[in-house]
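Novice: Before we start, here is the structure in question, set down as structure tokens.
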Amino acid sequence: MYPGDLKYSEEHEWLRVENERGVVGITHYAQDQLGDVVFVELPEEGEEFQAGEVFGTVESVKTVSDLYMPVRARVAQVNDRLLDEPELVNESPYGDGWMLIIDILDASEIDSLLSVDEYRDLVEGGG
Amino acid sequence: METASPTRRYQSSNRRVTKGVVLPGVPGNAERSRKTPLLEVHSELGARMMDFSGWAMPVEYSGILAEHRAVRQAAGLFDVSHMGEIVVQGPEAEALVQLAVTNDITRLFDDVPPATDDIAARDYGPATGNRAAEDKGPVKDKGRVTHRRGPRKALYTPMCNREGGTVDDLLVYGMGRNRFLLIVNAGNIKKDYDWLRKLARDFRLEAEVADHSEDYALLALQGPRAEEILSGQVDADLRELKPFRFLEGVQLTVEPANPSGPGDAVVPCLISRTGYTGEDGFEILIEADQAVPVWRSLLTAGEPAGLVPAGLGARDTLRFEAALPLYGNELDEDTNPFEARLDRFVKLDKGEFVGREEIRAARERGLEKLLAGLELTDRGIARKGHIVRKNGRRIGKVTSGTYAPTLDKGLALAFLSPGETQPGNRVTVEVRGREREAVVVPLPFYRRG
């Protein structure tokens, strides 16, 4: 539920930092809240986003939800599998359901994200 | 909850902002909502709850897609106790209902002999099992136990206002020539009750209108295996119960609450072969305090056949694929039944009814809008309120849209200018600021069998 090697945002995205690159997805809690994901809309490679800016949407049968970039970044790669297999977000939110590989443009913003313990508190503390 | 511009930084709470639940409901806090008798069961089953028309209702248990598929392939059990039960009875009950609705309710009795059917004097509930004097109870006929009283009829009908718009869509059950049970949408119970009472006063009709919604629970058992599952629990021959027919006073076996206590109990119920999923199925009306044992027994009995509990999320995707209207989406006070393609439920020649001249005139003038089906050929899911365009010109608006699980497509129902509704017409739908390609397709999207 809460992999320890990740950073988390308050909007329930996760970020795995690998040197200057990162991998972004949504958390187990987020996919559970959404229900069955049926559609994911992701940006193009090369697009840049500020921290907190909407980069796409994830849609379940009954809701549409914005996706927020955790740190200022440029999109390096998009998970094309999600076009035809959006259910991967439910089945494997930290694995095959990853959404973006990003080039992190401001590494100092990583510290503003939540640690695994802070995120767990957020989710389990009635947030 | 609507967002502003896409680049606004999300600031407020710790919760993910959603752009709006596309079911007519509000997620999350259902604490101040009204409760059906089955709330404890939904909690036990881990249902995700939401507020629907002021009721705390289950959206899903195992997941909308899984529940939807179970209903198409096996069976699902729905709690629809939030719906309303209004009884109209009295010497002029038939006149009142006939005046209020667009369909011809005299058809409810066209194969029922009038003399044995008039039990208006008795005030018994539909599900209590009290039977008229001449009904001597079950009789054995070639080894099958049958009720002397055969299946009676229900029908589906819109109910119009004086402008020809739709007050509600409902089922009318012909309990007797002077007694009708109306099953109405949860969000319209008070409105329908007040409206019928007003009509009775305005037209000076001797008929009582009573709201019995609190007294009853309603379950829907839907899917190709529904008959098989329910047959094992009742003393009636369901093979003989045709669509839109119902039986009263059916004895439904329930497991005892206390396993070491007395054996199986029976609960009287009304069973109709009706539903809102596009599959075969039954709706089961029982007294509210029997809801929990009946639910539990049916789930247990049906489990080997693949029966699952199913929530309002799947109920919506199922009815949508079958192109059944949802009041508030395809029907409202500003939409007449012809616009919603409910022509076959409107009998202009039956005699006077509220809105009759207005809807006749609207059709003769040419309807302003007409319901059509759309298939999104681009990626994307159209939702209620999305604008439909043809060559950049606005031609209509989506009323319901979703990912359709059985068909594995993004589909939508929309009101379009009547001239744009021919199948094959290529249009666009504006989905969150982007025009998505779509094409008009015939309705319904899904038909069983």
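Each chain of the structure tokens is named A, B, ... in the order shown, its residues numbered from 1; ligands are numbered from 1 in display order.
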Dump as a Markdown table the rows for residues of range 201-267 of chain B within 9 Å of range 273-279 of chain B: closest atom pair and distance in Å with one decimal, only C-alpha atoms counted, ordered by chain and rising residue number.
Specialist:
| residue | atom | partner | partner_atom | distance |
| --- | --- | --- | --- | --- |
| B:Ala220 | CA | B:Gly275 | CA | 6.9 |
| B:Leu221 | CA | B:Gly275 | CA | 8.2 |
| B:Gln222 | CA | B:Glu279 | CA | 6.3 |
| B:Gly223 | CA | B:Glu279 | CA | 5.2 |
| B:Pro224 | CA | B:Glu279 | CA | 6.6 |
| B:Leu238 | CA | B:Arg273 | CA | 8.8 |
| B:Leu241 | CA | B:Arg273 | CA | 6.7 |
| B:Lys242 | CA | B:Arg273 | CA | 6.5 |
| B:Pro243 | CA | B:Arg273 | CA | 4.9 |
| B:Phe244 | CA | B:Arg273 | CA | 5.3 |
| B:Arg245 | CA | B:Arg273 | CA | 5.8 |
| B:Phe246 | CA | B:Arg273 | CA | 6.3 |
Novice: Quick check: residues of chain A within 6 Å of chain B, only C-alpha atoms, returned as a PyMOL selection string.
Specialist: chain A and resi 10-11+52-54+62-65+127
Novice: Write out as a PyMOL selection string each polymer residue whose atoms come within 12 Å of Leu416 in chain B, counting only C-alpha atoms; drop sequence neighbours fewer than 2 positions from it.
Specialist: chain B and resi 330+339-340+367-374+386-390+393-399+412-414+418-422+425+427-429+440
Novice: May I have the residues within 7 Å of Pro444 in chain B as an MDAnalysis selection string, using only C-alpha atoms and disregarding those fewer than 2 positions away in the same chain?
Specialist: chainID B and resid 321:323 442 446:447
Novice: Taking 4 positions as the minimum chain separation for residues in the same chain, which residues sit within 8 Å of Val116 in chain A when counting only C-alpha atoms? Answer as a PyMOL selection string.
Specialist: chain A and resi 2-8+120
Novice: Show which residues sit within 9 Å of range 16-26 of chain A, as a PDB file with N, CA and C atoms, in the first residue's frame. Count only C-alpha atoms, and ignore same-chain residues fewer than 5 positions away.
Specialist:
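selection_4.pdb written:
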ATOM      1  N   ASP A   5      10.032   3.430  -0.813  1.00  0.00           N
ATOM      2  CA  ASP A   5      11.044   4.122  -1.606  1.00  0.00           C
ATOM      3  C   ASP A   5      10.455   5.262  -2.432  1.00  0.00           C
ATOM      4  N   LEU A   6       9.212   5.639  -2.145  1.00  0.00           N
ATOM      5  CA  LEU A   6       8.547   6.667  -2.948  1.00  0.00           C
ATOM      6  C   LEU A   6       8.314   7.938  -2.143  1.00  0.00           C
ATOM      7  N   LYS A   7       8.150   9.039  -2.881  1.00  0.00           N
ATOM      8  CA  LYS A   7       7.631  10.271  -2.294  1.00  0.00           C
ATOM      9  C   LYS A   7       6.174  10.392  -2.750  1.00  0.00           C
ATOM     10  N   TYR A   8       5.394  11.129  -1.986  1.00  0.00           N
ATOM     11  CA  TYR A   8       3.963  11.201  -2.242  1.00  0.00           C
ATOM     12  C   TYR A   8       3.490  12.645  -2.266  1.00  0.00           C
ATOM     13  N   GLU A  11      -2.139  15.114  -3.392  1.00  0.00           N
ATOM     14  CA  GLU A  11      -3.166  14.738  -4.350  1.00  0.00           C
ATOM     15  C   GLU A  11      -3.078  13.272  -4.737  1.00  0.00           C
ATOM     16  N   GLN A  31      -6.546   4.914  -6.589  1.00  0.00           N
ATOM     17  CA  GLN A  31      -7.266   4.024  -7.514  1.00  0.00           C
ATOM     18  C   GLN A  31      -8.433   3.340  -6.806  1.00  0.00           C
ATOM     19  N   LEU A  67      -4.990  14.909 -12.762  1.00  0.00           N
ATOM     20  CA  LEU A  67      -3.680  14.406 -12.338  1.00  0.00           C
ATOM     21  C   LEU A  67      -2.738  15.600 -12.194  1.00  0.00           C
ATOM     22  N   MET A  69       1.094  17.219 -11.469  1.00  0.00           N
ATOM     23  CA  MET A  69       2.525  16.957 -11.508  1.00  0.00           C
ATOM     24  C   MET A  69       3.137  17.243 -10.140  1.00  0.00           C
ATOM     25  N   PRO A  70       3.870  16.285  -9.563  1.00  0.00           N
ATOM     26  CA  PRO A  70       4.382  16.484  -8.208  1.00  0.00           C
ATOM     27  C   PRO A  70       5.520  17.507  -8.101  1.00  0.00           C
ATOM     28  N   ALA A  73       8.674  19.528 -14.060  1.00  0.00           N
ATOM     29  CA  ALA A  73       9.260  18.441 -14.856  1.00  0.00           C
ATOM     30  C   ALA A  73       8.900  18.562 -16.322  1.00  0.00           C
ATOM     31  N   ALA A  76       9.241  12.774 -20.269  1.00  0.00           N
ATOM     32  CA  ALA A  76      10.198  12.044 -21.096  1.00  0.00           C
ATOM     33  C   ALA A  76       9.532  10.861 -21.789  1.00  0.00           C
ATOM     34  N   VAL A  89      -4.004   0.572 -13.903  1.00  0.00           N
ATOM     35  CA  VAL A  89      -3.912   1.550 -12.813  1.00  0.00           C
ATOM     36  C   VAL A  89      -4.500   0.958 -11.535  1.00  0.00           C
ATOM     37  N   PRO A  93      -0.929  -0.141  -9.359  1.00  0.00           N
ATOM     38  CA  PRO A  93      -0.729   1.308  -9.386  1.00  0.00           C
ATOM     39  C   PRO A  93       0.733   1.731  -9.235  1.00  0.00           C
ATOM     40  N   TYR A  94       1.565   0.907  -8.614  1.00  0.00           N
ATOM     41  CA  TYR A  94       2.980   1.272  -8.424  1.00  0.00           C
ATOM     42  C   TYR A  94       3.878   0.571  -9.438  1.00  0.00           C
ATOM     43  N   GLY A  95       3.297  -0.360 -10.200  1.00  0.00           N
ATOM     44  CA  GLY A  95       4.075  -1.145 -11.161  1.00  0.00           C
ATOM     45  C   GLY A  95       3.679  -0.826 -12.582  1.00  0.00           C
ATOM     46  N   GLY A  97       1.029   0.051 -13.804  1.00  0.00           N
ATOM     47  CA  GLY A  97       0.109   1.186 -13.941  1.00  0.00           C
ATOM     48  C   GLY A  97       0.793   2.539 -13.848  1.00  0.00           C
ATOM     49  N   TRP A  98       2.145   2.576 -13.949  1.00  0.00           N
ATOM     50  CA  TRP A  98       2.854   3.859 -13.928  1.00  0.00           C
ATOM     51  C   TRP A  98       2.350   4.722 -15.071  1.00  0.00           C
ATOM     52  N   MET A  99       2.464   6.033 -14.902  1.00  0.00           N
ATOM     53  CA  MET A  99       1.907   6.932 -15.917  1.00  0.00           C
ATOM     54  C   MET A  99       2.974   7.670 -16.724  1.00  0.00           C
ATOM     55  N   LEU A 100       3.947   8.268 -16.039  1.00  0.00           N
ATOM     56  CA  LEU A 100       4.935   9.092 -16.746  1.00  0.00           C
ATOM     57  C   LEU A 100       6.347   8.800 -16.260  1.00  0.00           C
ATOM     58  N   ILE A 101       7.280   8.927 -17.190  1.00  0.00           N
ATOM     59  CA  ILE A 101       8.685   9.088 -16.790  1.00  0.00           C
ATOM     60  C   ILE A 101       9.018  10.551 -17.066  1.00  0.00           C
ATOM     61  N   ILE A 102       9.569  11.227 -16.072  1.00  0.00           N
ATOM     62  CA  ILE A 102       9.805  12.673 -16.200  1.00  0.00           C
ATOM     63  C   ILE A 102      11.277  13.018 -15.985  1.00  0.00           C
ATOM     64  N   ASP A 103      11.666  14.107 -16.631  1.00  0.00           N
ATOM     65  CA  ASP A 103      12.953  14.740 -16.298  1.00  0.00           C
ATOM     66  C   ASP A 103      12.637  15.803 -15.251  1.00  0.00           C
ATOM     67  N   ILE A 104      13.202  15.638 -14.056  1.00  0.00           N
ATOM     68  CA  ILE A 104      12.897  16.568 -12.963  1.00  0.00           C
ATOM     69  C   ILE A 104      13.663  17.865 -13.190  1.00  0.00           C
ATOM     70  N   LEU A 105      12.955  18.973 -13.237  1.00  0.00           N
ATOM     71  CA  LEU A 105      13.580  20.260 -13.549  1.00  0.00           C
ATOM     72  C   LEU A 105      13.930  21.050 -12.301  1.00  0.00           C
ATOM     73  N   ALA A 107      14.896  19.840  -8.529  1.00  0.00           N
ATOM     74  CA  ALA A 107      15.032  18.765  -7.542  1.00  0.00           C
ATOM     75  C   ALA A 107      14.722  19.244  -6.126  1.00  0.00           C
ATOM     76  N   ILE A 110      11.428  18.194  -4.506  1.00  0.00           N
ATOM     77  CA  ILE A 110      11.185  16.832  -4.018  1.00  0.00           C
ATOM     78  C   ILE A 110      10.993  16.838  -2.500  1.00  0.00           C
TER      79      ILE A 110
END
